[in-house]
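Asks: If you scroll down you'll find the structure; I have some questions about it.
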Amino acid sequence: MKAVHFQVSRDLQNVLLAYNVEQVFRFSFTASYAVYNIATREILELKSPESNLSILQYAAWGPHGSQLLFIFNNNIYYQHEATSQPLCLTSSGSQGVILHGLSDWLYEEMILKRYPAHWWSLDGARLAYITINNSHVPAMELPHFLGSTYPASKRYAYSKAGQPIPLVKLFVVNLYGPAHTLELLPPDTFRYKEYFITMVKWFANTRLAVRWLNRAQNSSILTFCEATTGACTQVPWKGKQ
């Protein structure tokens, strides 16, 4: 194993090692991951309980102790500790169609400008994540010139003018005790329209700020959301009088 990236857990007890790294887009990559226990020097390979495959889309420590999150086949898995049995938080992930907790090409390059599309609460008790549904978005096939005689092609969900954009939803899951998931609903003016989620930010253990943007990008609404109830309140805009 030749690790390319590493990350130390918050309790300084374990190291997450990434190897077999393959770049996907500008920020995203797939990799195999292993957890190295500093005290015992034991190495535990990180895998989904549903598969023997070790290639994951994402893995990282949480904000407390040795909390661990990884994503496989566009589904989110959570471990309370590095050696805990993974808990599957989502189950409807579909390759290239439905993504939980990760950005697709559009959100990675244009909207969030980052690969992870999930955010830990300050105390690590909750996780907010975006679900992106590309089932109605037309695909574009682009050639990849990789040095061979003929280029390889790859299909991307890509919205042109007049075509549907990804359907995006925001959820919060409670990680302590039985997993309970709430959807945070967009403002009423966006409820039945196409919109983007451009920002998610926790500012308290149970409260987060969310910015919603309509497709025309001429209306942006900031809401404060309560993670225990799912209720979101629009923040009044105070411009110059």
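By convention in this document, the chains of the structure tokens carry letters A, B, ... by their order, each chain's residues are numbered from 1, and ligands are numbered from 1 in the order they are shown.
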Could you list, as a ChimeraX atom specification, every residue within 10 Å of A:Ile165, counting only C-alpha atoms and ignoring same-chain residues fewer than 2 positions away?

Replies: /A:106,132-138,157-163,167-168,194-196,215

Asks: Could you give me, as a PDB file with C-alpha atoms, in the first residue's frame, the residues within 7 Å of A:Ile221, counting only C-alpha atoms and dropping anything in the same chain fewer than 2 positions from it?

Replies:
ATOM      1  CA  ARG A 211     -29.227  29.727   0.631  1.00  0.00           C
ATOM      2  CA  TRP A 212     -31.597  28.871  -2.217  1.00  0.00           C
ATOM      3  CA  LEU A 213     -31.236  30.239  -5.756  1.00  0.00           C
ATOM      4  CA  SER A 219     -33.785  35.552  -6.868  1.00  0.00           C
ATOM      5  CA  THR A 223     -33.294  30.724   5.408  1.00  0.00           C
ATOM      6  CA  GLN A 234     -36.821  33.179   5.563  1.00  0.00           C
TER       7      GLN A 234
END

Asks: DSSP on the backbone, strand (DSSP E) only: what residues of stretch 62-141 of chain A does that give? Format it as a PyMOL selection string.

Replies: chain A and resi 68-72+75-79+87-88+98-100+118-120+126-133+139-141

Asks: What does the distance from atom CA of A:Gly93 to atom CA of A:Tyr77 come to in Å, to one decimal?

Replies: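 The value is 11.6 Å.
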
Asks: Env of stretch 65-73 of chain A: 9 Å cut, atoms = only C-alpha atoms, seq-sep filter 2 positions within chain, self excluded. Answer as a PyMOL selection string.

Replies: chain A and resi 9-14+46-48+55-63+75-83+86+93-95+99-102+124

Asks: Identify, on the basis of only C-alpha atoms, every residue whose closest approach to A:Trp202 does not exceed 7 Å; exclude the query and any residue fewer than 4 positions from it along the same chain; express the result as a count of residues only.

Replies: 5

Asks: Between atom CA of A:Ala128 and atom CA of A:Tyr19, measure the distance and give it in Å to one decimal.

Replies: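 Spanning atom CA of A:Ala128 to atom CA of A:Tyr19 is a straight-line distance of 27.3 Å.
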